[in-house]
>>> print(open('my_file_1.cif').read())   # mmCIF, C-alpha atoms and all ligand atoms
data_data
loop_
_atom_site.label_atom_id
_atom_site.label_comp_id
_atom_site.auth_asym_id
_atom_site.auth_seq_id
_atom_site.Cartn_x
_atom_site.Cartn_y
_atom_site.Cartn_z
CA MET I 1 151.59 91.52 135.04
CA SER I 2 150.22 87.97 135.15
CA ASN I 3 146.85 87.16 133.60
CA ALA I 4 145.46 85.98 136.90
CA PHE I 5 146.37 89.28 138.51
CA ARG I 6 144.98 91.27 135.60
CA SER I 7 141.61 89.52 135.77
CA PHE I 8 141.59 89.96 139.55
CA ARG I 9 142.28 93.67 139.11
CA HIS I 10 139.48 93.95 136.54
CA ARG I 11 137.08 92.22 138.88
CA LEU I 12 138.06 94.54 141.70
CA THR I 13 137.49 97.60 139.48
CA ALA I 14 134.09 96.28 138.43
CA LEU I 15 133.19 95.65 142.06
CA ALA I 16 134.26 99.17 143.03
CA ALA I 17 132.23 100.61 140.15
CA LEU I 18 129.20 98.71 141.44
CA ALA I 19 129.75 99.47 145.11
CA LEU I 20 130.41 103.19 144.81
CA PRO I 21 126.91 104.26 143.69
CA LEU I 22 125.45 101.94 146.37
CA MET I 23 127.61 103.55 149.05
CA LEU I 24 126.70 107.03 147.85
CA ALA I 25 123.01 106.07 147.74
CA ALA I 26 123.32 105.04 151.39
CA CYS I 27 123.90 108.70 152.25
CA ASP I 28 120.67 110.06 150.82
CA GLU I 29 117.52 110.86 152.79
CA ALA I 30 115.33 108.08 151.47
CA HIS I 31 116.29 105.66 154.25
CA PRO I 32 113.26 105.20 156.45
CA ARG I 33 115.07 102.98 158.95
CA ASP I 34 118.09 105.20 159.54
CA ALA I 35 118.08 105.92 163.27
CA TYR I 36 121.43 107.63 163.41
CA ALA I 37 120.67 110.62 161.25
CA HIS I 38 116.90 110.74 161.91
CA PRO I 39 115.88 109.53 165.38
CA ALA I 40 112.16 110.07 166.02
CA GLY I 41 111.86 109.05 169.67
CA ASP I 42 113.65 109.50 172.98
CA ALA I 43 115.18 106.00 173.05
CA SER I 44 116.53 106.24 169.50
CA GLU I 45 117.95 109.69 170.29
CA ILE I 46 120.07 108.07 173.00
CA SER I 47 121.25 105.36 170.57
CA ALA I 48 122.00 107.95 167.90
CA TRP I 49 123.97 110.08 170.37
CA PHE I 50 126.20 107.10 171.23
CA TYR I 51 126.56 106.07 167.62
CA ASN I 52 127.76 109.54 166.71
CA LEU I 53 130.05 109.74 169.76
CA TYR I 54 131.74 106.46 168.79
CA LEU I 55 131.94 107.53 165.17
CA ILE I 56 133.82 110.70 166.13
CA LEU I 57 136.12 108.92 168.63
CA ASP I 58 136.86 106.10 166.18
CA THR I 59 137.56 108.55 163.36
CA ILE I 60 140.06 110.47 165.53
CA ILE I 61 141.80 107.22 166.53
CA PHE I 62 141.80 105.89 162.97
CA VAL I 63 143.29 109.09 161.52
CA GLY I 64 145.91 109.19 164.31
CA VAL I 65 146.98 105.60 163.71
CA VAL I 66 147.20 106.08 159.93
CA ILE I 67 149.28 109.26 160.33
CA ALA I 68 151.66 107.53 162.78
CA PHE I 69 151.86 104.54 160.43
CA PHE I 70 152.89 106.59 157.40
CA ALA I 71 155.21 108.81 159.47
CA ALA I 72 157.04 105.67 160.65
CA ILE I 73 157.28 104.26 157.13
CA ILE I 74 158.75 107.48 155.79
CA LYS I 75 161.02 108.31 158.72
CA PHE I 76 162.53 104.84 159.15
CA ARG I 77 162.73 103.74 155.52
CA LYS I 78 166.02 102.33 154.23
CA LYS I 79 168.20 105.12 152.81
CA PRO I 80 170.08 104.46 149.51
CA GLY I 81 173.57 103.09 150.12
CA ASP I 82 172.95 102.50 153.81
CA ASN I 83 173.56 98.81 154.47
CA THR I 84 174.01 98.97 158.22
CA LEU I 85 171.56 97.35 160.59
CA PRO I 86 169.30 99.77 162.48
CA GLU I 87 170.03 100.23 166.17
CA GLN I 88 168.99 97.01 167.97
CA ASN I 89 167.15 97.56 171.22
CA TRP I 90 164.52 96.00 173.43
CA GLY I 91 161.57 97.77 174.94
CA ASP I 92 160.88 101.43 175.56
CA SER I 93 159.25 102.21 178.91
CA ARG I 94 157.72 105.49 177.72
CA LEU I 95 156.05 103.76 174.76
CA GLU I 96 154.89 100.82 176.88
CA ILE I 97 153.31 103.16 179.42
CA ALA I 98 151.73 105.29 176.69
CA TRP I 99 150.11 102.38 174.87
CA THR I 100 148.78 100.99 178.13
CA ILE I 101 147.34 104.27 179.39
CA VAL I 102 145.84 105.63 176.15
CA PRO I 103 143.65 102.57 175.32
CA THR I 104 142.60 102.35 178.99
CA LEU I 105 141.43 105.96 178.84
CA VAL I 106 139.64 105.31 175.54
CA VAL I 107 137.82 102.27 176.99
CA LEU I 108 136.88 104.17 180.16
CA GLY I 109 135.78 107.15 178.08
CA ILE I 110 133.38 104.86 176.21
CA THR I 111 132.27 102.67 179.14
CA VAL I 112 131.25 105.36 181.60
CA PRO I 113 128.77 107.26 179.36
CA THR I 114 127.57 103.96 177.84
CA LEU I 115 126.58 102.61 181.27
CA GLY I 116 124.71 105.87 181.90
CA GLY I 117 122.86 105.41 178.60
CA LEU I 118 122.00 101.78 179.37
CA PHE I 119 120.51 102.72 182.75
CA GLU I 120 118.60 105.57 181.14
CA LEU I 121 117.10 103.18 178.55
CA ALA I 122 116.23 100.55 181.17
CA LYS I 123 114.47 103.01 183.49
CA ARG I 124 110.85 102.13 184.24
CA PRO I 125 108.72 105.01 183.01
CA ASP I 126 106.93 107.18 185.57
CA GLN I 127 103.58 105.46 186.16
CA ASN I 128 101.73 108.72 186.89
CA GLN I 129 101.27 109.62 183.25
CA LYS I 130 99.38 108.36 180.24
CA ILE I 131 101.07 105.15 179.07
CA ILE I 132 100.15 103.12 176.01
CA GLU I 133 100.85 99.52 177.00
CA ILE I 134 100.99 96.84 174.33
CA ASP I 135 101.70 93.12 174.63
CA VAL I 136 103.76 92.08 171.62
CA VAL I 137 103.99 88.41 170.68
CA GLY I 138 106.43 87.37 167.96
CA LYS I 139 105.16 84.50 165.83
CA GLN I 140 106.42 82.81 162.68
CA TRP I 141 106.21 85.28 160.83
CA TRP I 142 104.15 88.13 162.16
CA TRP I 143 103.56 90.18 165.30
CA GLU I 144 100.46 89.94 167.47
CA LEU I 145 99.74 93.28 169.16
CA ASP I 146 97.36 93.28 172.11
CA TYR I 147 96.15 96.47 173.79
CA LYS I 148 94.71 94.96 176.99
CA LYS I 149 93.26 98.13 178.52
CA GLU I 150 91.68 99.21 175.25
CA GLY I 151 90.53 95.70 174.31
CA ILE I 152 92.17 95.81 170.89
CA ASN I 153 93.94 92.93 169.22
CA THR I 154 95.68 93.47 165.92
CA GLY I 155 98.75 92.47 163.94
CA ASN I 156 101.97 93.95 162.57
CA GLU I 157 100.95 97.61 162.47
CA MET I 158 101.22 99.31 165.84
CA HIS I 159 99.43 102.58 166.50
CA VAL I 160 100.66 104.99 169.18
CA GLU I 161 100.48 108.68 170.01
CA VAL I 162 103.09 111.39 169.61
CA GLY I 163 104.61 112.53 172.92
CA THR I 164 102.99 109.70 174.89
CA GLN I 165 105.02 107.06 176.69
CA VAL I 166 104.83 103.61 175.08
CA MET I 167 105.57 100.42 177.05
CA LEU I 168 105.90 97.18 175.13
CA HIS I 169 105.96 93.76 176.77
CA LEU I 170 107.68 91.43 174.36
CA THR I 171 107.43 87.68 174.20
CA SER I 172 107.27 84.94 171.57
CA ALA I 173 104.97 82.03 170.83
CA ASP I 174 107.54 79.89 169.07
CA VAL I 175 111.20 80.78 168.42
CA ILE I 176 113.28 83.84 169.33
CA HIS I 177 112.38 86.95 167.34
CA ALA I 178 113.61 90.51 167.84
CA TRP I 179 111.57 93.71 167.66
CA TRP I 180 113.39 96.54 165.93
CA VAL I 181 112.02 99.82 164.67
CA PRO I 182 115.28 101.77 164.44
CA ARG I 183 113.93 105.31 164.32
CA LEU I 184 111.96 104.80 167.55
CA SER I 185 114.05 102.50 169.73
CA GLY I 186 116.76 99.88 169.86
CA LYS I 187 116.27 96.15 169.41
CA ARG I 188 114.77 93.85 171.96
CA ASP I 189 114.45 90.06 171.79
CA ALA I 190 111.04 88.41 171.88
CA THR I 191 111.82 85.12 173.61
CA PRO I 192 109.42 82.26 174.42
CA GLY I 193 108.59 82.09 178.12
CA ARG I 194 110.07 85.53 178.86
CA ASN I 195 108.58 88.97 179.04
CA TYR I 196 110.93 91.80 178.13
CA PRO I 197 109.97 95.47 178.43
CA LEU I 198 110.79 98.07 175.78
CA ASN I 199 109.99 101.72 176.42
CA PHE I 200 110.02 104.70 174.11
CA ARG I 201 108.30 108.01 173.60
CA PRO I 202 107.72 108.96 169.95
CA LYS I 203 108.48 112.58 169.08
CA GLU I 204 107.36 112.73 165.46
CA VAL I 205 104.05 111.99 163.76
CA GLY I 206 104.40 109.53 160.88
CA SER I 207 104.96 105.91 159.86
CA PHE I 208 108.11 104.16 160.98
CA ASP I 209 109.15 100.82 159.60
CA GLY I 210 111.04 98.04 161.25
CA GLN I 211 112.00 94.45 160.93
CA CYS I 212 112.38 91.27 162.93
CA ALA I 213 116.08 91.27 163.74
CA GLU I 214 116.66 87.70 164.86
CA LEU I 215 116.94 84.86 162.35
CA CYS I 216 113.71 82.97 163.02
CA GLY I 217 113.18 80.69 160.03
CA ALA I 218 112.42 80.70 156.34
CA SER I 219 110.47 83.97 156.25
CA HIS I 220 112.49 85.91 158.83
CA ALA I 221 113.20 88.57 156.20
CA LEU I 222 109.44 88.92 155.61
CA MET I 223 108.54 89.70 159.21
CA GLY I 224 108.19 93.45 159.02
CA ILE I 225 106.77 96.00 161.42
CA ARG I 226 105.16 99.39 161.00
CA ILE I 227 104.54 101.87 163.81
CA ILE I 228 102.07 104.62 163.03
CA VAL I 229 102.49 107.62 165.32
CA HIS I 230 99.26 109.63 165.49
CA PRO I 231 98.84 113.28 166.48
CA LYS I 232 97.18 114.03 169.83
CA ASP I 233 94.18 115.81 168.28
CA GLY I 234 92.19 115.97 165.10
CA PRO I 235 90.41 113.35 162.99
CA ASP I 236 93.59 111.28 162.71
CA SER I 237 94.30 111.26 166.45
CA TYR I 238 95.32 108.17 168.37
CA GLU I 239 92.11 108.30 170.41
CA SER I 240 89.95 108.23 167.30
CA TRP I 241 91.94 105.25 166.04
CA VAL I 242 91.23 103.48 169.37
CA LYS I 243 87.50 104.25 169.08
CA HIS I 244 87.41 102.96 165.53
CA MET I 245 89.24 99.76 166.46
CA GLN I 246 86.82 99.10 169.33
CA GLU I 247 83.93 98.98 166.90
CA GLY I 248 82.96 95.65 165.36
CA ALA I 249 83.75 94.68 161.82
CA ALA I 250 82.07 96.33 158.82
CA LYS I 251 79.11 94.36 157.41
CA ALA I 252 79.54 92.73 154.03
CA ALA I 253 77.72 95.08 151.66
CA THR I 254 78.01 93.70 148.12
CA PRO I 255 77.21 90.22 146.73
CA GLU I 256 80.94 89.69 146.18
CA GLN I 257 81.74 90.58 149.81
CA GLU I 258 78.93 88.31 151.03
CA ALA I 259 80.29 85.46 148.90
CA GLY I 260 83.73 86.17 150.35
CA GLN I 261 82.39 86.02 153.90
CA LYS I 262 80.84 82.60 153.13
CA VAL I 263 84.17 81.33 151.80
CA PHE I 264 85.88 82.73 154.91
CA MET I 265 83.46 80.94 157.24
CA ASN I 266 83.21 77.64 155.35
CA LYS I 267 86.64 76.99 153.88
CA GLY I 268 88.65 77.05 157.07
CA CYS I 269 89.98 80.64 157.43
CA VAL I 270 87.91 80.93 160.57
CA ALA I 271 89.91 78.19 162.27
CA CYS I 272 92.79 80.62 162.80
CA HIS I 273 91.41 84.15 162.42
CA THR I 274 89.02 86.19 164.52
CA ILE I 275 86.81 88.90 163.08
CA ASN I 276 85.03 90.60 165.97
CA GLY I 277 81.28 90.17 165.69
CA VAL I 278 81.58 87.90 162.65
CA ALA I 279 83.87 85.00 163.45
CA GLU I 280 84.76 84.59 167.10
CA LEU I 281 86.08 81.59 168.98
CA ALA I 282 84.05 82.62 172.02
CA PRO I 283 81.95 85.77 172.13
CA GLY I 284 84.22 88.69 173.01
CA SER I 285 87.49 86.82 172.45
CA ARG I 286 90.09 89.01 170.85
CA SER I 287 92.55 86.61 169.38
CA ARG I 288 93.31 83.10 168.32
CA THR I 289 96.72 81.63 168.68
CA SER I 290 97.71 81.14 165.09
CA GLY I 291 96.50 83.93 162.76
CA PRO I 292 96.11 87.69 163.13
CA ASN I 293 92.80 89.25 164.19
CA LEU I 294 91.29 90.58 160.95
CA THR I 295 88.51 92.81 162.31
CA HIS I 296 90.00 95.92 160.67
CA VAL I 297 92.43 94.30 158.25
CA GLY I 298 91.24 96.54 155.41
CA SER I 299 92.71 99.58 157.16
CA ARG I 300 96.24 98.22 157.30
CA ASP I 301 98.91 99.53 154.93
CA PHE I 302 100.36 96.07 154.31
CA ILE I 303 99.40 92.43 154.53
CA ALA I 304 101.50 89.38 155.44
CA ALA I 305 103.63 91.43 157.89
CA HIS I 306 104.78 94.23 155.61
CA THR I 307 105.33 91.86 152.69
CA LEU I 308 102.67 93.08 150.25
CA LYS I 309 100.82 96.38 149.87
CA ASN I 310 97.25 95.97 151.08
CA THR I 311 95.28 95.77 147.82
CA PRO I 312 92.47 93.35 146.86
CA GLU I 313 94.74 91.84 144.18
CA ASN I 314 97.47 91.16 146.74
CA ILE I 315 95.05 89.69 149.29
CA ALA I 316 93.74 87.33 146.60
CA ARG I 317 97.29 86.32 145.70
CA TRP I 318 98.16 85.79 149.38
CA VAL I 319 95.13 83.63 150.31
CA LYS I 320 95.39 81.62 147.09
CA ASN I 321 98.96 80.50 147.74
CA PRO I 322 100.55 81.84 150.92
CA GLN I 323 103.79 79.92 150.46
CA GLU I 324 104.36 81.59 147.08
CA VAL I 325 104.38 84.97 148.86
CA LYS I 326 106.15 83.88 152.02
CA PRO I 327 108.32 80.76 151.98
CA GLY I 328 107.29 78.40 154.77
CA ALA I 329 104.24 80.50 155.71
CA LEU I 330 102.15 78.61 158.26
CA MET I 331 98.86 79.81 156.75
CA SER I 332 97.32 76.83 155.00
CA ASN I 333 96.86 76.71 151.26
CA LEU I 334 93.12 75.98 151.24
CA GLY I 335 92.98 75.30 147.51
CA LEU I 336 90.70 78.28 146.82
CA SER I 337 89.61 78.88 143.25
CA ASP I 338 90.48 82.21 141.62
CA GLN I 339 86.89 83.38 142.15
CA GLU I 340 86.88 82.36 145.82
CA ALA I 341 90.18 84.15 146.42
CA LYS I 342 88.78 87.27 144.74
CA ASP I 343 85.61 87.16 146.85
CA VAL I 344 87.59 86.72 150.09
CA ALA I 345 89.76 89.68 149.06
CA ALA I 346 86.65 91.81 148.48
CA PHE I 347 85.28 90.77 151.89
CA LEU I 348 88.53 91.46 153.77
CA SER I 349 89.29 94.75 151.98
CA ASN I 350 85.92 96.02 153.17
CA LEU I 351 86.91 95.48 156.83
CA LYS I 352 88.27 99.00 157.24
CU1 LIG I 401 111.03 86.75 163.48
CU2 LIG I 401 113.13 86.94 162.40
#
>>> encode(input="my_file_1.cif", output="structure tokens")
Amino acid sequence: MSNAFRSFRHRLTALAALALPLMLAACDEAHPRDAYAHPAGDASEISAWFYNLYLILDTIIFVGVVIAFFAAIIKFRKKPGDNTLPEQNWGDSRLEIAWTIVPTLVVLGITVPTLGGLFELAKRPDQNQKIIEIDVVGKQWWWELDYKKEGINTGNEMHVEVGTQVMLHLTSADVIHAWWVPRLSGKRDATPGRNYPLNFRPKEVGSFDGQCAELCGASHALMGIRIIVHPKDGPDSYESWVKHMQEGAAKAATPEQEAGQKVFMNKGCVACHTINGVAELAPGSRSRTSGPNLTHVGSRDFIAAHTLKNTPENIARWVKNPQEVKPGALMSNLGLSDQEAKDVAAFLSNLK
């Protein structure tokens, strides 16, 4: 055995030793974005059904081909002492017909139900029912979410109701992004100048994470999504979330929060962010083009589009040096001092 081959073999063994636990880990339950084993909405159930159908079909075909392959190797191998040429022939009509018909049937067998699924997913939902309609605008590198009817503008964390039809209208303000929350629905591009619908009906209460799925620049990987599915009733219902969001921002209550509000108003944050009742472009305006509406930012689970847990320490770190958290982030580094960043964090965390 040559040295080169030996070191190659060692490397391969090491790689296998590394990959195996990773592959096994991929089978466990702690995978919040796994649509195929755990769909949580009608659209993702359709995707999961097709995924599993193809998996079964492909496994049958794969096993069949491997069995035929090894059967041929064993049956037609060279026997000891046999130096004659095998029978020389050309073509076999039965084989030719078989390997034309079988793949055709396989392709048809996949195409026909797939078309049915595509039409099902593209169907416009019945308009005589409660529909939560949200305009979604992809931006480098966050999502603006606008609930027109309800008058709510927010970012990155979408709130909906279990069992209620959701209709998204997706577009982009800059480059092409793609909305993808696997457990609730398939992907859909958010393209500048276009408006694409995406419909789903969540079936489970809970938080479902997703990710921008179209390479959109330096912080594409840090453009996360969370969908919070509320129950229909109770203190945590969707309707009580709507009511809460329609209220203005909490008043700064401590000297630190008041200092933070001053920094927010005087150092430039207000040029890009709206806080209803505190910092508005025009009275009643819900959004500004560049930064998320922060009226209730303190109630979000994450900041910077699912990049950091929403804690005062993380907000301070984010406003102090956005590009350190998110490469290429378009939020300006305003040169805040440590104290100013801390005060702004106290002010924003209070905006529950
Ligand atoms: Cu937005 Cu990738």
>>> closest_atom_pairs(input="my_file_1.cif", of="chain I", to="ligand LIG 401 (chain I)", cutoff="7 Å", atoms="all atoms listed in the file", output="tab-separated table")
residue	atom	partner	partner_atom	distance
I:Gly138	CA	I:LIG401	CU1	6.5
I:Lys139	CA	I:LIG401	CU1	6.7
I:Gln140	CA	I:LIG401	CU1	6.1
I:Trp141	CA	I:LIG401	CU1	5.7
I:Ile176	CA	I:LIG401	CU1	6.9
I:His177	CA	I:LIG401	CU1	4.1
I:Ala178	CA	I:LIG401	CU1	6.3
I:Cys212	CA	I:LIG401	CU2	4.4
I:Ala213	CA	I:LIG401	CU2	5.4
I:Glu214	CA	I:LIG401	CU2	4.4
I:Leu215	CA	I:LIG401	CU2	4.3
I:Cys216	CA	I:LIG401	CU2	4.1
I:Gly217	CA	I:LIG401	CU2	6.7
I:His220	CA	I:LIG401	CU2	3.8
I:Ala221	CA	I:LIG401	CU2	6.4
I:Met223	CA	I:LIG401	CU1	5.8
>>> write_last_selection(input="my_file_1.cif", atoms="C-alpha atoms", output="PDB file, in the coordinates of the input")
ATOM      1  CA  GLY I 138     106.430  87.370 167.960  1.00  0.00           C
ATOM      2  CA  LYS I 139     105.160  84.500 165.830  1.00  0.00           C
ATOM      3  CA  GLN I 140     106.420  82.810 162.680  1.00  0.00           C
ATOM      4  CA  TRP I 141     106.210  85.280 160.830  1.00  0.00           C
ATOM      5  CA  ILE I 176     113.280  83.840 169.330  1.00  0.00           C
ATOM      6  CA  HIS I 177     112.380  86.950 167.340  1.00  0.00           C
ATOM      7  CA  ALA I 178     113.610  90.510 167.840  1.00  0.00           C
ATOM      8  CA  CYS I 212     112.380  91.270 162.930  1.00  0.00           C
ATOM      9  CA  ALA I 213     116.080  91.270 163.740  1.00  0.00           C
ATOM     10  CA  GLU I 214     116.660  87.700 164.860  1.00  0.00           C
ATOM     11  CA  LEU I 215     116.940  84.860 162.350  1.00  0.00           C
ATOM     12  CA  CYS I 216     113.710  82.970 163.020  1.00  0.00           C
ATOM     13  CA  GLY I 217     113.180  80.690 160.030  1.00  0.00           C
ATOM     14  CA  HIS I 220     112.490  85.910 158.830  1.00  0.00           C
ATOM     15  CA  ALA I 221     113.200  88.570 156.200  1.00  0.00           C
ATOM     16  CA  MET I 223     108.540  89.700 159.210  1.00  0.00           C
TER      17      MET I 223
END
>>> residues_around(input="my_file_1.cif", residues="stretch 228-236 of chain I", least_positions_apart="6", cutoff="7 Å", atoms="only C-alpha atoms", output="JSON, numbers by chain")
{"I": [158, 159, 160, 161, 162, 205, 206, 207, 208]}
>>> atom_distance(input="my_file_1.cif", atom1="atom CA of I:Gln165", atom2="atom CA of I:Tyr147")
14.1 Å
>>> closest_atom_pairs(input="my_file_1.cif", of="stretch 164-232 of chain I", to="stretch 44-56 of chain I", cutoff="12 Å", atoms="all atoms listed in the file", output="CSV")
residue,atom,partner,partner_atom,distance
I:Trp180,CA,I:Ser44,CA,10.8
I:Val181,CA,I:Ser44,CA,9.2
I:Pro182,CA,I:Ser44,CA,6.9
I:Arg183,CA,I:Ser44,CA,5.9
I:Leu184,CA,I:Ser44,CA,5.2
I:Ser185,CA,I:Ser44,CA,4.5
I:Gly186,CA,I:Ser44,CA,6.4
I:Lys187,CA,I:Ser44,CA,10.1
I:Leu198,CA,I:Ser44,CA,11.8
I:Asn199,CA,I:Ser44,CA,10.5
I:Phe200,CA,I:Ser44,CA,8.1
I:Arg201,CA,I:Ser44,CA,9.4
I:Pro202,CA,I:Ser44,CA,9.2
I:Lys203,CA,I:Glu45,CA,10.0
I:Glu204,CA,I:Ser44,CA,11.9
>>> write_last_selection(input="my_file_1.cif", atoms="C-alpha atoms", output="compact mmCIF listing (two decimals), keeping the file's coordinate frame")
# COMPACT_ATOMS: atom_id res chain seq x y z
CA TRP I 180 113.39 96.54 165.93
CA VAL I 181 112.02 99.82 164.67
CA PRO I 182 115.28 101.77 164.44
CA ARG I 183 113.93 105.31 164.32
CA LEU I 184 111.96 104.80 167.55
CA SER I 185 114.05 102.50 169.73
CA GLY I 186 116.76 99.88 169.86
CA LYS I 187 116.27 96.15 169.41
CA LEU I 198 110.79 98.07 175.78
CA ASN I 199 109.99 101.72 176.42
CA PHE I 200 110.02 104.70 174.11
CA ARG I 201 108.30 108.01 173.60
CA PRO I 202 107.72 108.96 169.95
CA LYS I 203 108.48 112.58 169.08
CA GLU I 204 107.36 112.73 165.46
>>> residues_around(input="my_file_1.cif", residues="I:Lys149", least_positions_apart="2", cutoff="10 Å", atoms="only C-alpha atoms", output="list of chain:residue names")
I:Ile132, I:Glu133, I:Ile134, I:Asp146, I:Tyr147, I:Gly151, I:Ile152
>>> residues_around(input="my_file_1.cif", residues="I:Thr171", least_positions_apart="6", cutoff="6 Å", atoms="only C-alpha atoms", output="list in words")
Val137, Ala190, Thr191, Pro192, Arg194 and Asn195 of chain I
>>> residues_around(input="my_file_1.cif", residues="I:Asn321", least_positions_apart="6", cutoff="12 Å", atoms="only C-alpha atoms", output="ChimeraX atom specification")
/I:314-315,327-338,341
>>> residues_around(input="my_file_1.cif", residues="I:Asn310", least_positions_apart="3", cutoff="12 Å", atoms="only C-alpha atoms", output="MDAnalysis selection string")
chainID I and resid 297:307 313:318 345:346 348:352
>>> closest_residue(input="my_file_1.cif", among="I:Phe69, I:Pro103, I:Asp209, I:Thr114", to="I:Ala35", atoms="only C-alpha atoms")
I:Asp209
>>> atom_distance(input="my_file_1.cif", atom1="atom CA of I:Gly193", atom2="atom CA of I:Ala173")
8.1 Å
>>> residues_near_point(input="my_file_1.cif", point="(89.7, 88.2, 157.2)", cutoff="9 Å", atoms="all atoms listed in the file", output="count of residues only")
20
>>> atom_distance(input="my_file_1.cif", atom1="atom CA of I:Ile225", atom2="atom CA of I:Glu157")
6.1 Å
>>> closest_residue(input="my_file_1.cif", among="I:Cys272, I:Ala72, I:Ala37, I:Val242", to="I:Gly291", atoms="only C-alpha atoms")
I:Cys272
>>> residues_near_point(input="my_file_1.cif", point="(140.0, 106.5, 171.7)", cutoff="10 Å", atoms="only C-alpha atoms", output="list in words")
Tyr54, Ile56, Leu57, Asp58, Thr59, Ile60, Ile61, Phe62, Gly64, Val102, Pro103, Thr104, Leu105, Val106, Val107, Leu108, Gly109 and Ile110 of chain I
